[in-house]
Every structure is written in structure tokens, then in C-alpha cells.
$ cat input.txt   # compact mmCIF, C-alpha atoms and all ligand atoms
# COMPACT_ATOMS: atom_id res chain seq x y z
CA MET A 1 -70.99 15.16 5.74
CA LEU A 2 -69.19 13.93 8.81
CA GLN A 3 -71.55 11.03 9.02
CA LEU A 4 -70.86 10.13 5.45
CA MET A 5 -67.16 10.06 5.98
CA GLN A 6 -67.27 7.94 9.07
CA GLN A 7 -68.88 5.13 7.15
CA LYS A 8 -66.28 2.56 6.38
CA GLU A 9 -65.91 0.83 3.10
CA PRO A 10 -67.11 -1.42 1.68
CA SER A 11 -70.53 -1.17 3.33
CA ASN A 12 -71.58 1.78 1.24
CA SER A 13 -69.01 1.89 -1.47
CA LYS A 14 -71.55 1.36 -4.23
CA ASP A 15 -73.68 4.26 -3.15
CA PRO A 16 -73.32 7.00 -5.78
CA ALA A 17 -74.73 9.63 -3.42
CA ARG A 18 -71.82 9.03 -1.07
CA TRP A 19 -69.28 9.77 -3.80
CA ASN A 20 -71.20 12.89 -4.78
CA GLY A 21 -71.10 14.08 -1.17
CA LEU A 22 -67.38 13.47 -0.85
CA LEU A 23 -66.65 15.23 -4.12
CA LEU A 24 -68.73 18.22 -3.07
CA ALA A 25 -66.77 18.39 0.19
CA VAL A 26 -63.57 18.56 -1.84
CA ALA A 27 -65.12 21.27 -4.00
CA LYS A 28 -66.33 23.40 -1.12
CA ASP A 29 -63.72 22.98 1.57
CA LYS A 30 -60.74 21.32 -0.11
CA ASP A 31 -61.54 18.53 2.35
CA ARG A 32 -58.53 16.22 2.31
CA ALA A 33 -60.18 13.43 4.27
CA ALA A 34 -63.03 13.32 1.77
CA PHE A 35 -60.51 13.35 -1.05
CA GLN A 36 -58.64 10.43 0.48
CA HIS A 37 -61.82 8.32 0.39
CA LEU A 38 -62.28 9.17 -3.27
CA PHE A 39 -58.63 8.41 -3.95
CA GLU A 40 -58.76 5.03 -2.26
CA HIS A 41 -61.81 3.98 -4.21
CA PHE A 42 -61.23 5.50 -7.63
CA ALA A 43 -57.45 5.58 -8.14
CA PRO A 44 -57.18 1.74 -8.31
CA LEU A 45 -60.09 1.68 -10.79
CA ILE A 46 -58.37 4.30 -12.94
CA LYS A 47 -55.08 2.44 -12.85
CA SER A 48 -56.81 -0.72 -13.97
CA TYR A 49 -58.65 1.22 -16.69
CA ALA A 50 -55.35 2.58 -18.00
CA PHE A 51 -53.65 -0.78 -17.79
CA LYS A 52 -56.17 -2.23 -20.19
CA VAL A 53 -54.53 -0.42 -23.07
CA THR A 54 -52.36 -3.36 -23.89
CA GLU A 55 -50.43 -2.10 -26.87
CA LEU A 56 -48.29 0.22 -24.82
CA SER A 57 -44.95 -1.06 -23.65
CA LYS A 58 -44.87 1.29 -20.71
CA ALA A 59 -48.32 0.16 -19.56
CA GLU A 60 -47.46 -0.07 -15.86
CA ILE A 61 -45.82 3.36 -15.68
CA LEU A 62 -48.57 4.86 -17.76
CA ALA A 63 -51.30 3.32 -15.61
CA GLU A 64 -49.75 4.66 -12.42
CA GLU A 65 -49.31 8.08 -13.98
CA LEU A 66 -52.85 8.13 -15.28
CA ALA A 67 -54.27 7.32 -11.85
CA GLN A 68 -52.26 10.11 -10.27
CA GLU A 69 -52.87 12.71 -12.96
CA THR A 70 -56.58 12.00 -12.99
CA MET A 71 -56.83 12.36 -9.22
CA ILE A 72 -54.90 15.64 -9.37
CA LYS A 73 -57.42 16.92 -11.91
CA VAL A 74 -60.28 15.73 -9.72
CA TRP A 75 -58.83 17.81 -6.89
CA MET A 76 -58.32 20.88 -9.05
CA LYS A 77 -61.59 20.74 -10.98
CA ALA A 78 -63.86 19.59 -8.15
CA HIS A 79 -65.51 23.02 -8.04
CA THR A 80 -66.77 22.54 -11.59
CA PHE A 81 -68.59 19.33 -10.73
CA LEU A 82 -72.36 19.77 -10.91
CA PRO A 83 -74.19 17.01 -9.04
CA ASP A 84 -77.50 17.65 -10.77
CA LYS A 85 -75.91 17.05 -14.15
CA SER A 86 -73.67 14.12 -13.51
CA SER A 87 -72.68 11.60 -10.87
CA ALA A 88 -69.24 11.69 -9.26
CA GLY A 89 -68.46 8.27 -10.76
CA THR A 90 -69.29 9.31 -14.31
CA TRP A 91 -67.54 12.64 -13.90
CA ILE A 92 -64.33 10.99 -12.67
CA PHE A 93 -64.61 8.43 -15.48
CA THR A 94 -64.72 11.19 -18.11
CA ILE A 95 -61.68 12.85 -16.58
CA ALA A 96 -59.84 9.52 -16.62
CA ARG A 97 -60.92 8.94 -20.23
CA ASN A 98 -59.71 12.35 -21.39
CA THR A 99 -56.47 12.06 -19.46
CA ARG A 100 -55.90 8.63 -20.97
CA ILE A 101 -56.42 10.01 -24.48
CA ASP A 102 -53.78 12.70 -23.93
CA LEU A 103 -51.32 10.36 -22.22
CA ILE A 104 -51.55 7.80 -24.99
CA ARG A 105 -50.96 10.55 -27.53
CA LYS A 106 -47.97 11.82 -25.59
CA TYR A 107 -46.46 8.35 -25.38
CA SER A 108 -47.22 7.36 -28.96
CA LYS A 109 -44.42 6.93 -31.48
CA GLN A 110 -46.44 8.98 -33.94
CA TRP A 111 -46.48 11.93 -31.62
CA GLU A 112 -42.77 11.65 -30.92
CA ALA A 113 -42.09 11.42 -34.63
CA SER A 114 -44.20 14.48 -35.38
CA ASN A 115 -41.78 16.59 -33.33
CA ASN A 116 -44.59 18.56 -31.79
CA GLU A 117 -44.44 20.13 -28.39
CA PHE A 118 -47.31 19.50 -26.02
CA ASP A 119 -48.08 23.09 -25.09
CA GLU A 120 -51.01 25.42 -24.55
CA SER A 121 -51.86 25.56 -28.24
CA THR A 122 -52.00 21.78 -28.55
CA LEU A 123 -55.49 20.48 -28.97
CA THR A 124 -56.22 18.32 -25.94
CA ALA A 125 -58.91 15.78 -25.21
CA ASP A 126 -60.76 18.34 -23.10
CA ASP A 127 -61.14 20.55 -26.17
CA ILE A 128 -62.92 17.79 -28.05
CA TRP A 129 -64.57 15.49 -25.53
CA PRO A 130 -67.12 17.38 -23.45
CA ASP A 131 -67.29 17.08 -19.71
CA GLN A 132 -70.51 17.50 -17.82
CA ASN A 133 -70.58 21.29 -18.06
CA ASP A 134 -72.11 21.06 -21.47
CA ASP A 135 -75.64 22.37 -21.97
CA VAL A 136 -77.07 19.05 -22.96
CA TYR A 137 -76.68 17.74 -19.45
CA LYS A 138 -79.41 20.09 -18.38
CA GLN A 139 -81.85 18.21 -20.52
CA ILE A 140 -81.40 14.71 -19.25
CA GLU A 141 -80.87 13.17 -15.92
CA THR A 142 -78.02 10.81 -16.20
CA SER A 143 -78.90 8.97 -13.02
CA HIS A 144 -81.96 7.60 -14.80
CA ILE A 145 -79.89 6.36 -17.67
CA LYS A 146 -77.48 4.62 -15.33
CA LYS A 147 -80.34 2.98 -13.50
CA LYS A 148 -81.76 1.73 -16.76
CA ILE A 149 -78.37 0.36 -17.76
CA LEU A 150 -77.87 -1.42 -14.44
CA GLU A 151 -81.32 -2.95 -14.60
CA SER A 152 -80.81 -4.65 -17.90
CA ILE A 153 -77.07 -5.20 -18.13
CA ASN A 154 -77.28 -8.73 -16.78
CA GLU A 155 -79.64 -9.72 -19.55
CA LEU A 156 -77.00 -9.09 -22.20
CA PRO A 157 -75.45 -12.14 -23.82
CA LEU A 158 -71.79 -12.58 -22.96
CA GLU A 159 -70.56 -11.92 -26.48
CA GLN A 160 -72.20 -8.50 -26.44
CA ILE A 161 -70.78 -7.66 -23.02
CA ALA A 162 -67.33 -8.68 -24.24
CA VAL A 163 -67.51 -6.30 -27.19
CA ILE A 164 -68.86 -3.42 -25.11
CA LYS A 165 -66.05 -3.93 -22.60
CA ILE A 166 -63.37 -3.94 -25.29
CA ILE A 167 -64.72 -0.74 -26.77
CA PHE A 168 -65.43 1.21 -23.61
CA LEU A 169 -62.67 0.00 -21.30
CA GLU A 170 -59.82 -1.19 -23.45
CA GLY A 171 -59.98 1.78 -25.75
CA LEU A 172 -60.15 -0.14 -29.00
CA THR A 173 -62.11 1.23 -31.92
CA HIS A 174 -64.69 -0.90 -33.67
CA SER A 175 -62.18 -1.87 -36.35
CA GLU A 176 -59.43 -2.66 -33.83
CA ALA A 177 -61.90 -4.78 -31.86
CA ALA A 178 -62.76 -6.61 -35.07
CA SER A 179 -59.16 -7.54 -35.74
CA GLN A 180 -58.45 -8.49 -32.14
CA LEU A 181 -61.48 -10.78 -31.96
CA LYS A 182 -60.93 -11.96 -35.55
CA LEU A 183 -64.48 -11.06 -36.45
CA PRO A 184 -65.88 -9.03 -39.33
CA LEU A 185 -66.45 -5.35 -38.58
CA GLY A 186 -70.14 -5.85 -39.30
CA THR A 187 -70.40 -8.38 -36.47
CA ILE A 188 -68.85 -5.93 -34.00
CA LYS A 189 -71.22 -3.21 -35.16
CA SER A 190 -74.27 -5.38 -34.78
CA ARG A 191 -73.26 -6.67 -31.34
CA VAL A 192 -72.89 -3.11 -30.11
CA ARG A 193 -76.21 -2.14 -31.66
CA LEU A 194 -78.02 -5.13 -30.17
CA ALA A 195 -76.55 -4.38 -26.76
CA LEU A 196 -77.63 -0.75 -26.93
CA GLN A 197 -81.13 -1.83 -27.98
CA LYS A 198 -81.37 -4.21 -25.06
CA LEU A 199 -80.19 -1.52 -22.67
CA LYS A 200 -82.99 0.61 -24.10
CA LEU A 201 -80.70 3.51 -24.73
CA SER A 202 -82.37 5.77 -27.22
CA ILE A 203 -79.88 5.16 -29.97
CA ASP A 204 -81.34 4.50 -33.37
CA VAL A 205 -79.98 1.54 -35.16
CA MET B 1 -81.76 20.92 -39.83
CA THR B 2 -78.88 18.52 -39.57
CA LYS B 3 -79.67 15.47 -41.64
CA TYR B 4 -76.47 13.45 -41.68
CA HIS B 5 -75.21 12.10 -38.39
CA PRO B 6 -72.22 10.00 -37.36
CA ASP B 7 -73.32 6.37 -37.12
CA THR B 8 -73.37 4.30 -33.92
CA ARG B 9 -69.82 3.17 -34.56
CA PHE B 10 -68.44 6.73 -34.67
CA ILE B 11 -70.55 7.82 -31.72
CA SER B 12 -69.54 4.92 -29.51
CA ASP B 13 -65.84 5.09 -30.40
CA PHE B 14 -66.06 8.80 -29.66
CA ALA B 15 -67.73 8.27 -26.28
CA ALA B 16 -65.18 5.60 -25.42
CA GLY B 17 -62.37 7.99 -26.29
CA SER B 18 -60.71 5.74 -28.87
CA LEU B 19 -61.58 7.60 -32.04
CA PRO B 20 -58.46 9.16 -33.62
CA MET B 21 -58.10 12.84 -32.76
CA SER B 22 -58.91 14.15 -36.23
CA GLN B 23 -62.09 12.10 -36.57
CA ALA B 24 -63.04 12.93 -32.99
CA LEU B 25 -62.69 16.60 -33.92
CA CYS B 26 -65.24 16.05 -36.70
CA VAL B 27 -67.66 14.29 -34.36
CA SER B 28 -67.31 17.06 -31.79
CA ALA B 29 -67.94 19.65 -34.50
CA HIS B 30 -71.13 17.81 -35.39
CA LEU B 31 -72.18 17.74 -31.73
CA HIS B 32 -71.96 21.53 -31.72
CA TYR B 33 -74.97 21.50 -34.05
CA CYS B 34 -76.77 18.36 -32.95
CA ASN B 35 -78.31 17.80 -29.53
CA GLU B 36 -79.64 14.44 -30.53
CA CYS B 37 -76.14 13.02 -30.97
CA LYS B 38 -74.91 14.85 -27.88
CA GLN B 39 -77.46 12.93 -25.86
CA LYS B 40 -76.28 9.68 -27.36
CA VAL B 41 -72.74 10.51 -26.32
CA VAL B 42 -73.96 11.23 -22.80
CA GLN B 43 -75.76 7.90 -22.64
CA LEU B 44 -72.80 5.98 -23.99
CA THR B 45 -70.48 7.72 -21.55
CA ASP B 46 -72.78 6.53 -18.79
CA LEU B 47 -72.56 3.05 -20.22
CA GLY B 48 -68.78 3.26 -20.18
CA SER B 49 -68.74 4.49 -16.61
CA THR B 50 -71.03 1.64 -15.56
CA PHE B 51 -68.37 -0.80 -16.71
CA PHE B 52 -65.67 1.37 -15.17
CA ASP B 53 -67.41 1.01 -11.78
CA LYS B 54 -67.13 -2.77 -12.09
CA ILE B 55 -63.53 -2.95 -13.18
CA THR B 56 -61.15 -5.02 -11.03
CA PRO B 57 -59.12 -2.48 -9.02
CA MET B 58 -55.36 -2.43 -9.29
CA SER B 59 -53.44 -1.14 -6.30
CA LEU B 60 -51.14 1.82 -6.74
CA ASN B 61 -47.43 1.87 -6.05
CA SER B 62 -47.65 5.30 -4.50
CA ASP B 63 -49.88 6.29 -1.61
CA PHE B 64 -52.24 9.14 -0.89
CA SER B 65 -49.71 11.31 0.93
CA SER B 66 -47.33 11.31 -2.02
CA LEU B 67 -50.20 12.44 -4.24
CA MET B 68 -50.94 15.27 -1.83
CA ASP B 69 -47.26 16.21 -1.85
CA ARG B 70 -47.47 16.45 -5.62
CA ILE B 71 -50.59 18.60 -5.38
CA ASP B 72 -49.05 20.86 -2.73
CA SER B 73 -46.02 21.43 -4.88
CA LEU B 74 -48.09 22.70 -7.81
CA PRO B 75 -48.04 26.43 -8.47
CA LYS B 76 -50.85 28.18 -6.60
CA GLU B 77 -52.81 29.40 -9.60
CA MET B 78 -52.87 25.90 -11.07
CA ASP B 79 -54.53 24.67 -7.93
CA ASP B 80 -57.67 26.56 -8.81
CA ASP B 81 -58.57 27.01 -12.44
CA SER B 82 -61.94 28.67 -11.85
CA ASN B 83 -60.60 31.96 -13.21
CA VAL B 84 -59.57 30.29 -16.41
CA ASP B 85 -63.01 28.76 -16.84
CA ILE B 86 -64.70 32.13 -16.57
CA ALA B 87 -62.32 33.72 -19.05
CA LEU B 88 -62.89 30.92 -21.54
CA THR B 89 -66.66 30.98 -21.45
CA SER B 90 -67.06 34.74 -21.57
CA ASN B 91 -65.50 35.33 -24.96
CA VAL B 92 -67.25 32.56 -26.83
CA SER B 93 -70.46 33.58 -28.50
CA PRO B 94 -73.07 30.87 -28.92
CA SER B 95 -73.28 31.28 -32.68
CA SER B 96 -69.55 30.78 -33.18
CA LEU B 97 -67.72 27.77 -34.51
CA PRO B 98 -67.26 24.66 -32.38
CA SER B 99 -64.91 25.56 -29.54
CA ALA B 100 -62.12 23.20 -30.56
CA LEU B 101 -61.99 25.01 -33.91
CA ASN B 102 -61.83 28.37 -32.20
CA LYS B 103 -58.74 27.11 -30.46
CA ILE B 104 -57.21 25.85 -33.70
CA THR B 105 -57.98 29.06 -35.56
CA ASN B 106 -57.10 31.27 -32.62
CA ASN B 107 -60.60 32.73 -32.95
CA SER B 108 -59.81 34.11 -36.37
CA LEU B 109 -60.16 32.31 -39.67
CA ASP B 110 -58.03 34.98 -41.31
CA SER B 111 -55.06 34.07 -39.17
CA LEU B 112 -54.83 30.73 -40.94
CA ASN B 113 -52.61 30.01 -43.87
CA TRP B 114 -55.06 29.56 -46.76
CA ARG B 115 -54.10 27.95 -50.04
CA LYS B 116 -56.17 28.62 -53.12
CA ILE B 117 -56.98 26.10 -55.81
CA GLY B 118 -58.83 27.59 -58.75
CA LYS B 119 -61.21 30.49 -58.40
CA TYR B 120 -63.53 29.20 -55.74
CA PHE B 121 -61.77 26.75 -53.52
CA SER B 122 -59.32 27.37 -50.70
CA TYR B 123 -58.17 25.23 -47.82
CA SER B 124 -56.03 25.43 -44.75
CA GLU B 125 -54.45 22.32 -43.36
CA PHE B 126 -53.52 22.02 -39.71
CA ASN B 127 -51.55 19.62 -37.63
CA ILE B 128 -53.34 18.11 -34.68
CA GLY B 129 -50.82 15.38 -34.14
CA ASP B 130 -52.54 12.71 -36.23
CA PRO B 131 -50.02 11.76 -38.91
CA LEU B 132 -52.36 9.21 -40.47
CA ARG B 133 -54.86 11.80 -41.59
CA LYS B 134 -54.94 15.18 -43.23
CA THR B 135 -57.23 17.57 -41.45
CA SER B 136 -58.23 20.92 -42.86
CA LEU B 137 -60.79 23.63 -43.13
CA PHE B 138 -61.96 24.40 -46.62
CA ASN B 139 -64.03 27.14 -48.09
CA ILE B 140 -66.06 27.15 -51.30
CA LYS B 141 -67.08 30.57 -52.55
CA ALA B 142 -70.80 31.10 -53.09
CA GLY B 143 -71.89 29.33 -56.27
CA GLY B 144 -68.43 27.87 -56.76
CA ASN B 145 -67.38 24.28 -56.89
CA VAL B 146 -64.61 22.01 -55.73
CA PRO B 147 -62.49 20.66 -58.58
CA LYS B 148 -63.63 17.15 -59.47
CA HIS B 149 -61.66 14.59 -57.53
CA VAL B 150 -61.59 10.98 -56.49
CA HIS B 151 -60.87 9.94 -52.96
CA GLU B 152 -58.00 7.72 -52.18
CA GLY B 153 -58.82 7.34 -48.51
CA ASP B 154 -61.96 7.69 -46.45
CA GLU B 155 -63.01 11.25 -45.83
CA ILE B 156 -65.25 12.87 -43.26
CA THR B 157 -66.65 16.32 -43.97
CA VAL B 158 -68.63 18.45 -41.54
CA VAL B 159 -70.39 21.55 -42.83
CA LEU B 160 -69.73 24.49 -40.49
CA LYS B 161 -71.27 27.44 -42.32
CA GLY B 162 -73.31 27.79 -45.48
CA SER B 163 -74.27 24.75 -47.52
CA PHE B 164 -73.21 22.74 -50.53
CA SER B 165 -74.68 20.18 -52.89
CA ASP B 166 -73.31 17.26 -54.83
CA GLN B 167 -74.94 14.74 -57.13
CA ASP B 168 -76.63 13.05 -54.16
CA ASP B 169 -77.97 15.72 -51.87
CA HIS B 170 -77.81 19.17 -50.31
CA TYR B 171 -75.78 19.51 -47.09
CA GLN B 172 -76.17 22.10 -44.35
CA ALA B 173 -74.44 23.24 -41.19
CA GLY B 174 -73.77 20.31 -38.91
CA ASP B 175 -74.09 17.60 -41.54
CA PHE B 176 -71.52 14.83 -41.04
CA ILE B 177 -70.72 13.28 -44.39
CA VAL B 178 -68.59 10.18 -44.88
CA ARG B 179 -67.11 9.40 -48.28
CA THR B 180 -65.27 6.20 -48.82
CA SER B 181 -62.32 5.60 -51.04
CA GLY B 182 -63.03 5.72 -54.74
CA GLU B 183 -66.17 7.79 -54.69
CA VAL B 184 -66.23 10.67 -57.14
CA HIS B 185 -67.96 13.85 -56.19
CA THR B 186 -68.13 17.50 -57.14
CA PRO B 187 -69.46 19.68 -54.33
CA VAL B 188 -70.99 23.02 -55.30
CA ALA B 189 -71.62 25.75 -52.74
CA ALA B 190 -75.03 27.41 -52.54
CA GLN B 191 -75.47 30.55 -54.68
CA ASP B 192 -75.97 32.97 -51.82
CA GLU B 193 -73.30 32.09 -49.28
CA ASP B 194 -69.75 30.78 -48.93
CA CYS B 195 -69.52 27.29 -47.54
CA LEU B 196 -67.02 26.51 -44.78
CA CYS B 197 -66.30 22.88 -43.94
CA LEU B 198 -64.04 20.82 -41.75
CA SER B 199 -62.64 17.70 -43.29
CA THR B 200 -60.31 14.89 -42.44
CA LEU B 201 -58.94 12.52 -44.99
CA ASP B 202 -57.05 9.30 -44.42
CA ALA B 203 -53.59 10.23 -45.61
CA PRO B 204 -52.49 8.30 -48.66
CA ILE B 205 -51.01 5.12 -47.26
CA LYS B 206 -48.41 3.14 -49.12
CA MET B 207 -50.32 0.19 -50.42
CA THR B 208 -48.35 -2.91 -49.65
CA ASN B 209 -51.25 -5.24 -50.08
CA TRP B 210 -51.20 -6.60 -53.64
CA PHE B 211 -54.97 -6.78 -53.77
CA TYR B 212 -55.23 -3.11 -53.01
CA ARG B 213 -52.61 -2.34 -55.60
CA LEU B 214 -54.67 -4.12 -58.21
CA LEU B 215 -57.72 -2.23 -57.16
CA LEU B 216 -56.28 1.21 -56.96
CA PRO B 217 -54.28 2.27 -60.00
CA PHE B 218 -57.16 4.18 -61.53
CA VAL B 219 -57.89 5.96 -58.30
CA ARG B 220 -54.24 6.87 -57.77
CA ARG B 221 -53.87 8.48 -61.14
CA THR B 222 -56.88 10.72 -60.81
CA ALA B 223 -56.52 11.61 -57.14
CA GLN B 224 -54.61 14.57 -55.77
CA THR B 225 -56.12 17.13 -58.09
CA ALA B 226 -57.86 18.70 -55.14
ZN ZN A 301 -76.33 14.20 -34.95

$ encode --input "input.txt" --output "C-alpha cells"
Amino acid sequence: MLQLMQQKEPSNSKDPARWNGLLLAVAKDKDRAAFQHLFEHFAPLIKSYAFKVTELSKAEILAEELAQETMIKVWMKAHTFLPDKSSAGTWIFTIARNTRIDLIRKYSKQWEASNNEFDESTLTADDIWPDQNDDVYKQIETSHIKKKILESINELPLEQIAVIKIIFLEGLTHSEAASQLKLPLGTIKSRVRLALQKLKLSIDV
Amino acid sequence: MTKYHPDTRFISDFAAGSLPMSQALCVSAHLHYCNECKQKVVQLTDLGSTFFDKITPMSLNSDFSSLMDRIDSLPKEMDDDSNVDIALTSNVSPSSLPSALNKITNNSLDSLNWRKIGKYFSYSEFNIGDPLRKTSLFNIKAGGNVPKHVHEGDEITVVLKGSFSDQDDHYQAGDFIVRTSGEVHTPVAAQDEDCLCLSTLDAPIKMTNWFYRLLLPFVRRTAQTA
């Protein structure tokens, strides 16, 4: 572990095993130095991920808050991370995604208008979007999927990459993507499907 | 066996986290019954995180020590939620409803406020903070039917318990059924068992578009009987 932490970025920053090791150190020992490495790498990614939601007027504040809240959850939930079911990167991404869902809801006009309190009985993203503790993760090794994705991602035509990015990073639905790109919904659907086929993800079309 | 699944569009919007809460609730209810779709969600989440890894970083205004100050100021029990996790998993039986619904119903369907329409049909609407859609649980008594109705908005139904049929097919637990505006259907529950479903319906939107207005008068008149 010590060895891992002495390695300076960026030499090994793309090594998923390193992030797993650091996260496990946080889980086991509440290791602050390990956590700082995770923070320095992931918090700026999370802020950027949040900032991509362009429709929000408070985007900058929200992005900063999302980065912080996500990292706080990473600290608190580190003991639930299971390295044989997920990678640290994917796990942190799902926490950022769920936190973004709840933050956007909290900041939305619709929520304010509904006069609801955000309390313990409120349905949160974590109630609906599973994290890696779900049974299904026992059945597949996500590292293989990621490898497959990385191997073929560069073969995707740019227009397919653009649509995938809008959907997975900018948080637009298929129909919102269609209106932003001024394309028919069917075109968005087929670009996503073609991309998934090319990435050889076992998604029927 | 679950026969009707959310399409790639629903699954990927779900994995990306952009699907509206009420529709996401329906997808997650389906996942409770369907490992096949769960695996798709896992794969698509991996796809999302692959792009996340490549995102251009944006530096924070606050530094690491201020984050740690925030963490240190949290109440002690919040700093470690392992106890909560254990409590949550121990009282959920595997055969129960999807966990999000257990939270909504407070683990008891009887605690909900049920409204009856006719002899066989009752529903309970709940607010999950999605003002654009009406989300409810509904129950059809064994052998009973839902009053004939026409949809004004798109509707997703997920069968949770029992089964029902309409003019097209027979639907069982887990089935994710999408009905678009204007379709007429008359679901009938199976003879031997009540049928419990989750449904979310696009709330009637004021039609400002003249084309829609031309299209919809018939639908508007006959809707809202259910
Ligand atoms: Zn399915």
C-alpha cells in the first residue's frame, strides 16, 4: 500500500488497480493520505461531469457541491465497496451519478413548486439506481466489459461518440438529445444502438 | 417469465441517470424481476464510467483540507453507515416487492390510501416529486377488469404480482408495458389471483400546439374514466 501511494501522478493515474488499492485503504483504515489521492484525481472529474448539465443556472455552484458531496459519500461508504464486483472508478462514477440526480431534483423549479421536503421518506436516487452491492454483480466481471469497451471505442464514428457522450455525461435523455442536436428521435436511437453493437455489449437491438 | 422489457432507450437513459424519477422507478421495478436487463444496466454504467474517466477535469475552488473539515464536522454516526446497511438488508425478504416500493409503501400496502373505482379496480397515487407524471399502484381483483379507457399520455405499467390480459397478450410479474397516447385497452386480471401493478402516466399536459389540439378532441372526451 505504501508503495502505491508513493507513486506520483500522472505516471500511474490510469491504472485502475491503483484506485482500487487506495479506496480499500480508505475503507480499512480511514487512510486520509489515500483519500487525498482519490480526491485529487476524481473530484475534478466529478465537477466537470456535473458542470455538463447546462440547463441549470447555478451550474458552477452545483458542480462544486456535487464534487464535494460525492467525495464525502465515497469516504463514508468506502467500506461497502467490493473490488471483485466493481472498479473504484465505476463505483465512484455511480455515486456521482446518483448524487447528481438528487441535486438536480433539489435544485429544480418543479421540486421547489411541489413544496416537498427532502427528508428520510423522500425517494432518493440510491433507492432506484443500484450500486455495486446488487446480486447481479456477482455474475459478471465488470473489468472485462470495460476492457472490451476500451478496445473498440476508438473504432466508433464520431457521430456515435457524440451521442453517447451527450446521453451518458450530459444527462440528456434520448428525446432531449434529439431536440438539442435537431435530429429525429429515431436517429438518436439508432446511433446508440449501432455504438452498443460495435462495442459488442450484449444488448439486443 | 418476463416477456416485455424496457427498450434500449429506456435502459440507457436509466443507466445514465437522466430518466425522470417516475419512469426510472418503473425500470428499477422491472430490474427486480429481470437479470437480463440488470446486466445491460451494468454494462451501460461501465460505458458511462469509461467516458467519465476521459472527461476534462475542472479544478475545484475548495481544497482537500476544507473537505476533511466538512467530514470531521459530521455527526459521528453519519460517518459510518454500516449499521444502517445491515438493518436495511435484514428485514427485506427476497420475494418482496422491489425495494423502492417497500420504501414508498412503508412495507405495507394497507397503509396506502386506496381509491376504488367500480367493483374490481383500486389505485393509490403517490408523489415522488415528478409533477409531469402521475405515478400509482393499482390493483385488479381476480377475474375483474379495469374500466375501458383511452390514454391521453404515454403510460408505463409494470406487473408486480399476479397477471392480467388485454386484447393483445397476457402479462406477468416483471413485464414492462408501454402504451402510447390514444391506445384503447381493457386489462382483465387472471381468474385465480389479484393483479398488482405499478404505473406512471404522463400527466395531462395543456395542449398548446394546434396540431395536437386537432388530433386530440376525441381522446380528451373519452379519457379520465379510469
Ligand atoms: Zn428485462

$ closest_residue --input "input.txt" --among "A:Gly89, A:Lys182, A:Ala43, A:Arg193" --to "B:Asp53" --atoms "all atoms listed in the file"
A:Gly89

$ atom_distance --input "input.txt" --atom1 "atom CA of B:Phe14" --atom2 "atom CA of B:Leu160"
19.4 Å

$ closest_residue --input "input.txt" --among "B:Gln23, B:Ser49, B:Thr105, B:Ser73" --to "B:Phe10" --atoms "only C-alpha atoms"
B:Gln23

$ residues_around --input "input.txt" --residues "A:Leu158" --least-positions-apart "6" --cutoff "12 Å" --atoms "only C-alpha atoms" --output "list in words"
Ile164, Lys165, Arg191, Val192 and Ala195 of chain A

$ residues_near_ligand --input "input.txt" --ligand "ligand ZN 301 (chain A)" --cutoff "7 Å" --atoms "all atoms listed in the file" --output "PyMOL selection string"
chain B and resi 2+4-6+30-31+34-37

$ interface_residues --input "input.txt" --of "chain A" --to "chain B" --cutoff "6 Å" --atoms "all atoms listed in the file" --output "mmCIF file with C-alpha atoms, keeping the file's coordinate frame"
data_model
loop_
_atom_site.group_PDB
_atom_site.id
_atom_site.type_symbol
_atom_site.label_atom_id
_atom_site.label_comp_id
_atom_site.auth_asym_id
_atom_site.auth_seq_id
_atom_site.Cartn_x
_atom_site.Cartn_y
_atom_site.Cartn_z
ATOM 1 C CA PRO A 44 -57.180 1.740 -8.310
ATOM 2 C CA LEU A 45 -60.090 1.680 -10.790
ATOM 3 C CA SER A 48 -56.810 -0.720 -13.970
ATOM 4 C CA MET A 76 -58.320 20.880 -9.050
ATOM 5 C CA THR A 90 -69.290 9.310 -14.310
ATOM 6 C CA PHE A 93 -64.610 8.430 -15.480
ATOM 7 C CA ASP A 127 -61.140 20.550 -26.170
ATOM 8 C CA ILE A 128 -62.920 17.790 -28.050
ATOM 9 C CA PHE A 168 -65.430 1.210 -23.610
ATOM 10 C CA GLY A 171 -59.980 1.780 -25.750
ATOM 11 C CA LEU A 172 -60.150 -0.140 -29.000
ATOM 12 C CA THR A 173 -62.110 1.230 -31.920
#

$ closest_residue --input "input.txt" --among "A:Arg18, A:Gln36, A:Ala27, A:Ile166" --to "A:Tyr49" --atoms "all atoms listed in the file"
A:Ile166

$ closest_residue --input "input.txt" --among "A:Ile188, A:Leu194, A:Leu183, A:Met71" --to "A:Val163" --atoms "all atoms listed in the file"
A:Ile188

$ closest_residue --input "input.txt" --among "B:Met1, B:Leu196, B:Leu112, B:Ala173" --to "B:Asn139" --atoms "all atoms listed in the file"
B:Leu196
